[in-house]
file final.cif (mmCIF, C-alpha atoms)
data_input
loop_
_atom_site.label_atom_id
_atom_site.label_comp_id
_atom_site.auth_asym_id
_atom_site.auth_seq_id
_atom_site.Cartn_x
_atom_site.Cartn_y
_atom_site.Cartn_z
CA MET A 79 -25.99 -55.72 -142.37
CA LYS A 80 -25.83 -51.99 -143.04
CA ARG A 81 -23.84 -49.97 -140.51
CA ILE A 82 -23.69 -46.18 -140.73
CA ILE A 83 -21.41 -44.07 -138.52
CA VAL A 84 -22.12 -40.32 -138.39
CA SER A 85 -20.55 -37.49 -136.43
CA GLY A 86 -20.55 -33.70 -136.03
CA ILE A 87 -23.41 -31.22 -136.03
CA HIS A 88 -26.90 -32.38 -137.04
CA ASP A 89 -26.64 -31.19 -140.63
CA ASP A 90 -23.32 -32.98 -141.14
CA MET A 91 -24.62 -36.20 -139.58
CA GLY A 92 -27.60 -36.08 -141.94
CA LYS A 93 -25.40 -35.54 -145.01
CA GLN A 94 -23.14 -38.44 -144.04
CA GLN A 95 -26.16 -40.71 -143.64
CA GLY A 96 -27.74 -39.56 -146.90
CA GLU A 97 -24.55 -40.10 -148.87
CA ARG A 98 -24.09 -43.57 -147.43
CA ALA A 99 -27.71 -44.60 -148.08
CA ALA A 100 -28.50 -42.66 -151.28
CA GLU A 101 -28.83 -45.66 -153.57
CA ASP A 102 -30.98 -47.68 -151.16
CA ILE A 103 -33.34 -44.81 -150.32
CA ALA A 104 -33.86 -44.03 -154.03
CA TRP A 105 -34.51 -47.71 -154.69
CA LEU A 106 -37.10 -47.86 -151.90
CA TYR A 107 -39.08 -44.90 -153.20
CA LYS A 108 -38.96 -46.18 -156.78
CA ASN A 109 -40.39 -49.50 -155.67
CA LEU A 110 -42.90 -48.15 -153.16
CA VAL A 111 -44.72 -46.16 -155.82
CA GLN A 112 -45.32 -49.48 -157.56
CA TYR A 113 -46.27 -51.23 -154.33
CA LYS A 114 -49.98 -50.46 -154.11
CA ILE A 115 -49.17 -47.39 -152.03
CA LEU A 116 -50.30 -44.81 -154.59
CA LYS A 117 -53.27 -46.88 -155.71
CA LYS A 118 -55.01 -46.01 -152.45
CA LEU A 119 -53.97 -42.36 -152.50
CA LYS A 120 -54.03 -41.37 -156.17
CA PRO A 121 -57.19 -41.07 -158.29
CA TRP A 122 -56.77 -43.30 -161.36
CA TYR A 123 -57.34 -40.42 -163.79
CA VAL A 124 -54.58 -38.15 -162.38
CA PRO A 125 -51.19 -38.44 -164.17
CA LEU A 126 -48.47 -39.77 -161.86
CA GLY A 127 -46.06 -36.86 -162.49
CA PHE A 128 -48.71 -34.24 -161.65
CA PHE A 129 -49.83 -36.23 -158.62
CA GLU A 130 -46.29 -36.59 -157.27
CA LYS A 131 -45.74 -32.82 -157.52
CA ARG A 132 -48.89 -32.12 -155.48
CA PHE A 133 -48.15 -35.14 -153.28
CA PHE A 134 -44.66 -33.92 -152.38
CA LYS A 135 -45.89 -30.41 -151.64
CA SER A 136 -48.53 -31.66 -149.21
CA PHE A 137 -46.05 -33.87 -147.35
CA ILE A 138 -43.45 -31.10 -147.09
CA GLU A 139 -46.08 -28.71 -145.74
CA ARG A 140 -47.13 -31.28 -143.16
CA PHE A 141 -43.88 -32.86 -142.01
CA VAL A 142 -41.22 -30.15 -142.06
CA PRO A 143 -43.01 -28.12 -139.33
CA ILE A 144 -43.35 -31.34 -137.29
CA LEU A 145 -39.63 -32.02 -137.58
CA GLU A 146 -38.81 -28.48 -136.48
CA ILE A 147 -40.42 -29.13 -133.06
CA ILE A 148 -37.34 -31.07 -131.90
CA PRO A 149 -34.07 -29.06 -132.02
CA GLY A 150 -31.66 -30.31 -134.66
CA THR A 151 -34.15 -32.70 -136.30
CA ALA A 152 -35.00 -30.49 -139.28
CA GLU A 153 -31.28 -29.92 -139.90
CA ARG A 154 -30.58 -33.65 -139.83
CA PHE A 155 -33.57 -34.25 -142.12
CA GLY A 156 -32.34 -31.63 -144.59
CA GLY A 157 -28.86 -33.12 -144.44
CA ILE A 158 -30.16 -36.58 -145.36
CA ALA A 159 -32.05 -35.15 -148.33
CA SER A 160 -28.97 -33.18 -149.42
CA GLY A 161 -26.57 -36.09 -148.98
CA ALA A 162 -28.86 -38.51 -150.82
CA LYS A 163 -29.73 -35.88 -153.48
CA LEU A 164 -33.42 -36.43 -152.82
CA HIS A 165 -36.44 -34.15 -153.06
CA LEU A 166 -37.62 -33.15 -149.56
CA GLY A 167 -41.03 -34.50 -150.55
CA VAL A 168 -39.66 -38.02 -150.99
CA LEU A 169 -38.10 -37.97 -147.54
CA SER A 170 -41.24 -36.46 -145.99
CA PHE A 171 -43.32 -39.19 -147.62
CA LEU A 172 -41.07 -41.94 -146.25
CA HIS A 173 -41.08 -40.41 -142.75
CA SER A 174 -44.88 -40.42 -142.74
CA PHE A 175 -44.96 -44.22 -142.46
CA GLU A 176 -43.83 -44.07 -138.86
CA SER A 177 -47.00 -42.44 -137.57
CA ALA A 178 -49.41 -44.08 -140.05
CA GLN A 179 -52.21 -46.07 -138.45
CA PRO A 180 -53.29 -49.23 -140.32
CA THR A 181 -56.84 -47.91 -140.46
CA GLY A 182 -55.72 -44.63 -142.03
CA ASN A 183 -54.80 -43.59 -145.56
CA LEU A 184 -51.28 -45.00 -145.70
CA PRO A 185 -51.26 -48.78 -146.19
CA VAL A 186 -47.72 -49.29 -144.90
CA PHE A 187 -46.96 -49.42 -141.20
CA PHE A 188 -44.59 -50.94 -138.63
CA SER A 189 -45.16 -53.20 -135.65
CA SER A 190 -42.71 -54.71 -133.19
CA THR A 191 -41.98 -56.84 -130.14
CA LEU A 192 -39.86 -55.36 -127.33
CA ILE A 193 -38.76 -57.35 -124.27
CA PHE A 194 -36.89 -56.17 -121.17
CA LEU A 195 -35.01 -58.65 -118.97
CA SER A 196 -33.92 -57.35 -115.56
CA PRO A 197 -30.57 -58.39 -114.02
CA GLU A 198 -32.52 -60.87 -111.85
CA LYS A 199 -33.75 -62.61 -115.00
CA THR A 200 -30.37 -63.17 -116.70
CA LYS A 201 -27.56 -65.58 -115.86
CA THR A 202 -24.98 -62.81 -116.21
CA GLY A 203 -26.78 -60.61 -113.68
CA GLN A 204 -27.03 -57.83 -116.28
CA SER A 205 -30.08 -56.53 -118.11
CA MET A 206 -30.92 -57.30 -121.75
CA VAL A 207 -33.34 -55.77 -124.22
CA LEU A 208 -34.75 -57.85 -127.10
CA TYR A 209 -36.33 -56.28 -130.18
CA ASN A 210 -37.94 -57.41 -133.45
CA LEU A 211 -39.25 -54.88 -135.99
CA TYR A 212 -41.91 -55.93 -138.51
CA GLY A 213 -42.65 -54.18 -141.77
CA PRO A 214 -42.99 -54.63 -145.52
CA ASP A 215 -40.30 -56.96 -146.89
CA ILE A 216 -39.42 -54.24 -149.39
CA MET A 217 -37.90 -52.21 -146.53
CA GLU A 218 -35.45 -54.87 -145.40
CA ARG A 219 -32.82 -53.28 -147.63
CA ASN A 220 -33.14 -50.04 -145.62
CA VAL A 221 -32.71 -51.36 -142.09
CA THR A 222 -29.67 -49.81 -140.44
CA LEU A 223 -27.54 -49.99 -137.35
CA ARG A 224 -26.43 -46.39 -136.86
CA ILE A 225 -23.75 -45.08 -134.53
CA SER A 226 -24.09 -41.36 -133.82
CA HIS A 227 -21.41 -39.08 -132.39
CA PRO A 228 -23.17 -35.70 -132.14
CA GLN A 229 -20.94 -32.75 -131.43
CA GLY A 230 -20.99 -31.87 -127.72
CA LYS A 231 -23.60 -34.53 -126.87
CA PHE A 232 -23.76 -38.21 -125.93
CA SER A 233 -22.88 -40.86 -128.51
CA SER A 234 -25.38 -43.64 -129.15
CA ILE A 235 -26.01 -46.86 -131.05
CA GLU A 236 -29.44 -47.11 -132.68
CA LEU A 237 -31.64 -49.36 -134.81
CA THR A 238 -33.41 -47.37 -137.49
CA LEU A 239 -34.07 -47.12 -141.24
CA ASP A 240 -31.63 -45.35 -143.52
CA PHE A 241 -34.03 -42.53 -144.44
CA MET A 242 -35.02 -41.73 -140.83
CA THR A 243 -33.71 -38.82 -138.80
CA GLY A 244 -34.68 -40.54 -135.55
CA SER A 245 -34.61 -44.09 -134.22
CA PHE A 246 -37.03 -46.78 -133.14
CA ILE A 247 -34.69 -47.89 -130.40
CA GLY A 248 -31.21 -47.13 -129.06
CA MET A 249 -28.71 -46.90 -126.23
CA ASN A 250 -26.29 -44.12 -125.38
CA GLU A 251 -22.79 -44.03 -123.91
CA LYS A 252 -24.22 -43.52 -120.40
CA GLY A 253 -26.05 -46.85 -120.57
CA LEU A 254 -29.47 -45.23 -120.99
CA PHE A 255 -31.77 -47.32 -123.19
CA VAL A 256 -34.96 -46.10 -124.87
CA GLY A 257 -37.20 -47.71 -127.47
CA TYR A 258 -40.84 -48.03 -128.45
CA THR A 259 -43.45 -50.19 -130.12
CA PRO A 260 -46.33 -48.62 -132.06
CA VAL A 261 -49.79 -49.33 -130.64
CA PHE A 262 -52.84 -49.89 -132.84
CA SER A 263 -55.41 -47.73 -131.14
CA GLN A 264 -58.73 -46.14 -131.96
CA GLU A 265 -57.29 -42.67 -131.46
CA SER A 266 -55.68 -40.34 -133.94
CA GLY A 267 -54.12 -37.09 -132.82
CA LYS A 268 -53.11 -33.66 -133.93
CA ASN A 269 -49.71 -33.14 -135.48
CA GLY A 270 -46.94 -33.62 -132.96
CA PRO A 271 -43.34 -34.77 -133.16
CA LEU A 272 -42.49 -38.22 -134.45
CA LEU A 273 -41.63 -40.33 -131.42
CA SER A 274 -38.43 -41.53 -133.12
CA THR A 275 -37.10 -37.96 -133.19
CA VAL A 276 -37.79 -37.50 -129.47
CA ILE A 277 -36.01 -40.80 -128.78
CA GLN A 278 -33.01 -39.50 -130.71
CA ARG A 279 -32.96 -36.35 -128.59
CA VAL A 280 -33.17 -38.44 -125.39
CA LEU A 281 -30.16 -40.46 -126.52
CA GLU A 282 -28.19 -37.30 -127.25
CA GLU A 283 -29.06 -35.33 -124.09
CA CYS A 284 -30.05 -37.63 -121.23
CA GLU A 285 -28.01 -39.51 -118.67
CA THR A 286 -30.84 -40.30 -116.23
CA LEU A 287 -34.26 -41.92 -116.50
CA GLU A 288 -35.80 -38.79 -115.01
CA CYS A 289 -34.41 -36.66 -117.84
CA ALA A 290 -35.70 -39.14 -120.43
CA LEU A 291 -39.17 -39.30 -118.89
CA ASP A 292 -39.41 -35.52 -118.72
CA LEU A 293 -38.43 -35.11 -122.38
CA ILE A 294 -40.83 -37.77 -123.67
CA SER A 295 -43.66 -36.48 -121.48
CA ASP A 296 -43.20 -32.91 -122.75
CA PHE A 297 -45.05 -33.63 -126.00
CA ASP A 298 -48.32 -34.91 -127.40
CA TYR A 299 -47.97 -37.38 -130.25
CA PRO A 300 -50.02 -38.11 -133.38
CA ASN A 301 -50.08 -41.86 -132.72
CA SER A 302 -50.06 -44.34 -129.84
CA ALA A 303 -47.06 -46.23 -128.48
CA ASN A 304 -45.52 -48.29 -125.69
CA VAL A 305 -42.17 -46.81 -124.59
CA LEU A 306 -39.46 -48.65 -122.65
CA LEU A 307 -36.81 -46.77 -120.67
CA SER A 308 -34.04 -48.45 -118.70
CA ARG A 309 -30.71 -47.73 -117.05
CA GLU A 310 -28.72 -50.09 -114.84
CA THR A 311 -31.26 -51.94 -112.66
CA LYS A 312 -34.21 -49.57 -113.14
CA ALA A 313 -36.73 -49.64 -115.97
CA TYR A 314 -40.07 -48.04 -116.80
CA THR A 315 -42.74 -48.41 -119.43
CA LEU A 316 -44.84 -45.51 -120.64
CA GLU A 317 -48.12 -46.01 -122.51
CA ILE A 318 -48.84 -43.07 -124.81
CA SER A 319 -51.91 -42.11 -126.82
CA PRO A 320 -52.78 -38.75 -128.40
CA SER A 321 -54.98 -37.95 -125.39
CA ARG A 322 -53.14 -39.41 -122.37
CA LYS A 323 -50.03 -41.06 -120.90
CA LYS A 324 -49.68 -43.81 -118.30
CA LEU A 325 -46.39 -44.48 -116.47
CA ILE A 326 -45.77 -47.99 -115.19
CA LYS A 327 -42.72 -48.96 -113.15
CA ILE A 328 -41.40 -52.40 -114.02
CA ILE A 329 -41.39 -54.48 -110.84
CA ASP A 330 -41.30 -58.00 -112.30
CA LYS A 331 -38.22 -59.69 -113.67
CA HIS A 332 -39.26 -59.05 -117.26
CA CYS A 333 -41.63 -57.03 -119.40
CA VAL A 334 -43.11 -57.61 -122.87
CA LEU A 335 -44.37 -54.79 -125.11
CA THR A 336 -46.13 -55.45 -128.39
CA ASN A 337 -48.74 -53.37 -130.22
CA HIS A 338 -51.57 -53.01 -127.74
CA PHE A 339 -52.02 -51.37 -124.36
CA THR A 340 -52.13 -53.57 -121.25
CA SER A 341 -52.96 -51.20 -118.37
CA GLU A 342 -56.54 -50.94 -117.16
CA GLU A 343 -56.65 -47.22 -117.94
CA MET A 344 -55.43 -47.57 -121.53
CA THR A 345 -56.89 -50.86 -122.84
CA PRO A 346 -60.23 -49.24 -123.84
CA LEU A 347 -58.26 -47.36 -126.50
CA ASN A 348 -57.01 -50.50 -128.25
CA LEU A 349 -58.19 -51.12 -131.80
CA GLU A 350 -61.16 -53.46 -132.04
CA LYS A 351 -60.19 -57.12 -132.48
CA GLU A 352 -62.58 -57.38 -135.42
CA ALA A 353 -60.70 -54.77 -137.51
CA THR A 354 -58.98 -56.31 -140.55
CA PHE A 355 -56.54 -55.25 -143.25
CA ASP A 356 -58.04 -54.30 -146.59
CA LYS A 357 -56.77 -55.19 -150.05
CA SER A 358 -54.32 -52.28 -150.24
CA TYR A 359 -52.01 -54.16 -147.86
CA PRO A 360 -49.52 -56.89 -148.85
CA GLU A 361 -51.27 -60.11 -149.83
CA GLY A 362 -50.09 -61.88 -146.71
CA LEU A 363 -52.09 -59.42 -144.54
CA SER A 364 -55.20 -58.75 -146.60
CA GLY A 365 -58.33 -59.79 -144.70
CA LYS A 366 -56.44 -60.68 -141.51
CA SER A 367 -56.94 -59.19 -138.05
CA ILE A 368 -54.83 -56.09 -137.45
CA ILE A 369 -54.34 -56.35 -133.70
CA MET A 370 -54.74 -60.04 -132.81
CA PRO A 371 -51.11 -60.93 -133.74
CA SER A 372 -50.02 -58.43 -131.07
CA TYR A 373 -51.89 -60.42 -128.42
CA GLU A 374 -50.52 -63.70 -129.81
CA ARG A 375 -46.89 -62.50 -129.73
CA HIS A 376 -47.34 -61.04 -126.25
CA GLU A 377 -48.75 -64.30 -124.86
CA ARG A 378 -46.10 -66.43 -126.58
CA ALA A 379 -43.24 -64.24 -125.33
CA GLN A 380 -44.57 -64.44 -121.76
CA GLU A 381 -44.75 -68.21 -122.07
CA LEU A 382 -41.16 -68.51 -123.32
CA LEU A 383 -39.81 -66.15 -120.66
CA THR A 384 -41.27 -68.16 -117.80
CA ARG A 385 -39.76 -71.49 -118.88
CA LYS A 386 -36.45 -70.70 -117.17
CA ASP A 387 -35.61 -68.76 -114.03
CA LYS A 388 -32.62 -67.10 -115.68
CA LEU A 389 -31.84 -66.57 -119.37
CA THR A 390 -28.66 -66.41 -121.44
CA VAL A 391 -27.97 -64.48 -124.63
CA GLU A 392 -28.49 -67.76 -126.51
CA ASP A 393 -31.95 -68.04 -124.92
CA ALA A 394 -32.71 -64.49 -126.06
CA VAL A 395 -31.73 -65.38 -129.63
CA THR A 396 -34.02 -68.43 -129.50
CA ILE A 397 -36.94 -66.26 -128.38
CA MET A 398 -36.41 -63.77 -131.20
CA LYS A 399 -36.37 -66.65 -133.71
CA ASP A 400 -39.50 -68.28 -132.31
CA HIS A 401 -42.15 -69.61 -134.71
CA GLY A 402 -44.79 -70.54 -132.15
CA ARG A 403 -45.89 -73.73 -130.46
CA ASP A 404 -46.36 -75.51 -133.79
CA PHE A 405 -43.00 -74.29 -135.20
CA ILE A 406 -44.79 -72.81 -138.20
CA PRO A 407 -43.72 -69.25 -139.08
CA SER A 408 -46.63 -66.87 -139.63
CA TYR A 409 -47.69 -63.26 -139.19
CA ASP A 410 -48.61 -64.11 -135.57
CA THR A 411 -45.19 -65.41 -134.49
CA ILE A 412 -42.35 -63.51 -132.79
CA CYS A 413 -40.22 -64.09 -135.87
CA ALA A 414 -42.98 -63.05 -138.27
CA HIS A 415 -43.52 -64.31 -141.80
CA ALA A 416 -46.31 -63.28 -144.16
CA GLU A 417 -46.35 -62.75 -147.91
CA GLY A 418 -44.80 -59.32 -148.43
CA TYR A 419 -44.48 -58.62 -144.69
CA GLY A 420 -42.52 -59.88 -141.70
CA THR A 421 -39.51 -59.33 -139.46
CA ILE A 422 -37.14 -56.87 -141.14
CA MET A 423 -34.63 -56.43 -138.28
CA SER A 424 -33.78 -57.87 -134.89
CA GLY A 425 -31.55 -56.67 -132.07
CA ILE A 426 -30.45 -57.80 -128.62
CA PHE A 427 -29.03 -54.93 -126.55
CA LEU A 428 -26.44 -55.59 -123.84
CA PRO A 429 -26.26 -52.23 -122.01
CA SER A 430 -23.52 -53.23 -119.56
CA GLU A 431 -21.27 -54.14 -122.49
CA GLY A 432 -22.27 -51.15 -124.61
CA SER A 433 -23.12 -53.43 -127.51
CA VAL A 434 -25.96 -54.84 -129.57
CA LEU A 435 -26.35 -58.13 -131.41
CA PHE A 436 -27.98 -57.25 -134.71
CA VAL A 437 -29.38 -58.95 -137.78
CA SER A 438 -31.21 -57.49 -140.77
CA GLY A 439 -34.10 -59.53 -142.10
CA LYS A 440 -35.59 -62.53 -140.36
CA PRO A 441 -33.43 -63.75 -137.45
CA CYS A 442 -34.27 -67.38 -138.22
CA ARG A 443 -32.34 -67.03 -141.49
CA SER A 444 -29.24 -65.14 -140.36
CA LYS A 445 -26.61 -65.06 -137.64
CA TYR A 446 -26.47 -62.15 -135.19
CA LYS A 447 -23.34 -60.00 -135.26
CA GLU A 448 -22.17 -57.94 -132.27
CA VAL A 449 -21.47 -54.24 -132.70
CA LYS A 450 -20.05 -52.13 -129.87
CA LEU A 451 -20.55 -48.43 -129.21
CA GLN A 452 -17.04 -47.02 -129.02
CA VAL A 453 -16.80 -43.44 -127.78
#

call {"tool": "encode", "arguments": {"input": "final.cif", "output": "structure tokens"}}
result
Amino acid sequence: MKRIIVSGIHDDMGKQQGERAAEDIAWLYKNLVQYKILKKLKPWYVPLGFFEKRFFKSFIERFVPILEIIPGTAERFGGIASGAKLHLGVLSFLHSFESAQPTGNLPVFFSSTLIFLSPEKTKTGQSMVLYNLYGPDIMERNVTLRISHPQGKFSSIELTLDFMTGSFIGMNEKGLFVGYTPVFSQESGKNGPLLSTVIQRVLEECETLECALDLISDFDYPNSANVLLSRETKAYTLEISPSRKKLIKIIDKHCVLTNHFTSEEMTPLNLEKEATFDKSYPEGLSGKSIIMPSYERHERAQELLTRKDKLTVEDAVTIMKDHGRDFIPSYDTICAHAEGYGTIMSGIFLPSEGSVLFVSGKPCRSKYKEVKLQV
């Protein structure tokens, strides 16, 4: 398990992260360029060195202005590059995976399962948040639990990747939780901020749900997502696409978010069920449905959550390790397994305790360890 603790101004936090993760980030890039990624992007007749030079320039031109939308993000980004002694183009390239749609040019993407349990649904009478992130196995080495102590702002504990300036999911010292799952939709948008960078700003600046909702709603995004926000006994979900947003207040005892929209207004935007991965993806995905596993995981999670009136932390761990009704791990299961792709990190947040149970890799193969946010 990689744990990175950073503090100070944004530039300093970036440098600390880059220095800590330099070897692993360099390793990832070295291996990604041999991982079918450039085969889809690079003409066969163009020399790799010349292509990388043009490649880096195009990514810098695209992503640095995006990062500058959120205050402090570009400084943190530059700090990571400086600390890791990496070309800005490498870091821009790696950041681009977050907003890549599986039907687009970049054949690497993330998916996830995110579950909220209200205090009424747990035996302790306190809320829990369960999270599995799926991605290429090659990125397991880069998963990170990061603790941030930004100067003059709120401290937070986050699950992210070691090259990222933002976070997929996190909780701050005020007990505010925010996280998201990417949604596979038919829409693509204009350049906007990466959602992970807005989440990082929410963690740094917000104490209330109203503040968090206002910040997230301020922007249009290049991709679609399901966002979860919670504090104490209140929680909301927000469905986001490049063209619209839909706020849903959680009334039930639990909520499951995967990689499709569920509200009546937003479901027409979901990717067609017939869409499949092409051969540029890892072998375990090639030819398979892109969005159907999202429906399968959603249905299975709902089934598991309704088996008991109230759940323990041990029950939450069991759900995150689940391999389906037949106990056979696959790309469709909550603990996902496919050749070259699967669960690369798992976390169970306990907001009232200010801690997270965390495991890198597949939770069925490792034991969760608790890490507390100490301010």

call {"tool": "resolve_selection", "arguments": {"input": "final.cif", "expression": "the PyMOL selection byres ((chain A and resi 428) around 12)", "output": "PyMOL selection string"}}
result
chain A and resi 194-197+200+202-209+235+248-250+253-255+308-310+390-391+394+425-427+429-436+448-451

call {"tool": "resolve_selection", "arguments": {"input": "final.cif", "expression": "the PyMOL selection byres ((chain A and resi 424) around 10)", "output": "list in words"}}
result
Ser190, Thr191, Leu208, Tyr209, Asn210, Leu211, Tyr212, Val221, Leu237, Val395, Met398, Lys399, Cys413, Thr421, Ile422, Met423, Gly425, Ile426, Val434, Leu435, Phe436, Val437, Ser438, Gly439, Lys440, Pro441 and Tyr446 of chain A

call {"tool": "closest_residue", "arguments": {"input": "final.cif", "among": "A:Ser408, A:Asn304, A:Gln380, A:Ser85", "to": "Lys231 of chain A", "atoms": "all atoms listed in the file"}}
result
A:Ser85

call {"tool": "closest_residue", "arguments": {"input": "final.cif", "among": "A:His88, A:Lys108, A:Lys388, A:Lys351", "to": "Met217 of chain A", "atoms": "only C-alpha atoms"}}
result
A:Lys108

call {"tool": "atom_distance", "arguments": {"input": "final.cif", "atom1": "atom CA of Glu392 of chain A", "atom2": "atom CA of Glu374 of chain A"}}
result
22.6 Å

call {"tool": "closest_residue", "arguments": {"input": "final.cif", "among": "A:Gly157, A:Pro271, A:Pro149, A:Gly257", "to": "Ile193 of chain A", "atoms": "only C-alpha atoms"}}
result
A:Gly257

call {"tool": "atom_distance", "arguments": {"input": "final.cif", "atom1": "atom CA of Ile247 of chain A", "atom2": "atom CA of Asp387 of chain A"}}
result
26.5 Å

call {"tool": "resolve_selection", "arguments": {"input": "final.cif", "expression": "the PyMOL selection byres ((chain A and resi 266-270) around 7)", "output": "ChimeraX atom specification"}}
result
/A:144,264-265,271-272,298-301,320

call {"tool": "atom_distance", "arguments": {"input": "final.cif", "atom1": "atom CA of Ala303 of chain A", "atom2": "atom CA of Phe175 of chain A"}}
result
14.3 Å

call {"tool": "residues_around", "arguments": {"input": "final.cif", "residues": "Arg224 of chain A", "least_positions_apart": "6", "cutoff": "9 Å", "atoms": "all atoms listed in the file", "output": "ChimeraX atom specification"}}
result
/A:80-84,95,234-240,245

call {"tool": "residues_around", "arguments": {"input": "final.cif", "residues": "segment 102-106 of chain A", "least_positions_apart": "4", "cutoff": "7 Å", "atoms": "all atoms listed in the file", "output": "PyMOL selection string"}}
result
chain A and resi 110+217+219-220+241

call {"tool": "decode", "arguments": {"input": "final.cif", "residues": "segment 131-178 of chain A", "atoms": "C-alpha atoms", "output": "mmCIF file, in the first residue's frame"}}
result
data_model
loop_
_atom_site.group_PDB
_atom_site.id
_atom_site.type_symbol
_atom_site.label_atom_id
_atom_site.label_comp_id
_atom_site.auth_asym_id
_atom_site.auth_seq_id
_atom_site.Cartn_x
_atom_site.Cartn_y
_atom_site.Cartn_z
ATOM 1 C CA LYS A 131 7.807 15.135 -29.224
ATOM 2 C CA ARG A 132 4.680 16.111 -31.177
ATOM 3 C CA PHE A 133 2.549 13.989 -28.843
ATOM 4 C CA PHE A 134 3.798 15.763 -25.715
ATOM 5 C CA LYS A 135 3.324 19.196 -27.260
ATOM 6 C CA SER A 136 -0.305 18.479 -28.148
ATOM 7 C CA PHE A 137 -1.102 17.195 -24.649
ATOM 8 C CA ILE A 138 0.571 20.164 -22.945
ATOM 9 C CA GLU A 139 -1.354 22.580 -25.163
ATOM 10 C CA ARG A 140 -4.605 20.822 -24.298
ATOM 11 C CA PHE A 141 -4.291 19.993 -20.608
ATOM 12 C CA VAL A 142 -2.327 22.812 -18.980
ATOM 13 C CA PRO A 143 -5.068 25.388 -19.764
ATOM 14 C CA ILE A 144 -7.653 22.925 -18.379
ATOM 15 C CA LEU A 145 -5.700 22.558 -15.151
ATOM 16 C CA GLU A 146 -5.447 26.324 -14.783
ATOM 17 C CA ILE A 147 -9.256 26.588 -14.467
ATOM 18 C CA ILE A 148 -9.118 25.411 -10.837
ATOM 19 C CA PRO A 149 -6.949 27.606 -8.548
ATOM 20 C CA GLY A 150 -3.805 25.859 -7.374
ATOM 21 C CA THR A 151 -4.183 22.845 -9.690
ATOM 22 C CA ALA A 152 -1.631 23.954 -12.289
ATOM 23 C CA GLU A 153 0.873 24.677 -9.499
ATOM 24 C CA ARG A 154 0.351 21.229 -7.992
ATOM 25 C CA PHE A 155 0.650 19.667 -11.460
ATOM 26 C CA GLY A 156 3.905 21.524 -12.133
ATOM 27 C CA GLY A 157 5.189 20.502 -8.719
ATOM 28 C CA ILE A 158 4.567 16.811 -9.438
ATOM 29 C CA ALA A 159 6.426 17.087 -12.739
ATOM 30 C CA SER A 160 9.304 18.921 -11.046
ATOM 31 C CA GLY A 161 9.505 16.535 -8.101
ATOM 32 C CA ALA A 162 9.383 13.462 -10.335
ATOM 33 C CA LYS A 163 11.747 15.055 -12.895
ATOM 34 C CA LEU A 164 9.236 14.364 -15.646
ATOM 35 C CA HIS A 165 8.418 16.156 -18.890
ATOM 36 C CA LEU A 166 5.112 18.053 -18.567
ATOM 37 C CA GLY A 167 3.948 16.128 -21.628
ATOM 38 C CA VAL A 168 4.240 12.797 -19.818
ATOM 39 C CA LEU A 169 2.131 14.049 -16.929
ATOM 40 C CA SER A 170 -0.413 15.639 -19.291
ATOM 41 C CA PHE A 171 -0.670 12.346 -21.174
ATOM 42 C CA LEU A 172 -1.291 10.383 -17.975
ATOM 43 C CA HIS A 173 -3.903 12.890 -16.754
ATOM 44 C CA SER A 174 -5.810 12.508 -20.022
ATOM 45 C CA PHE A 175 -6.904 8.988 -19.081
ATOM 46 C CA GLU A 176 -9.333 10.329 -16.510
ATOM 47 C CA SER A 177 -11.640 11.950 -19.045
ATOM 48 C CA ALA A 178 -11.115 9.412 -21.848
#
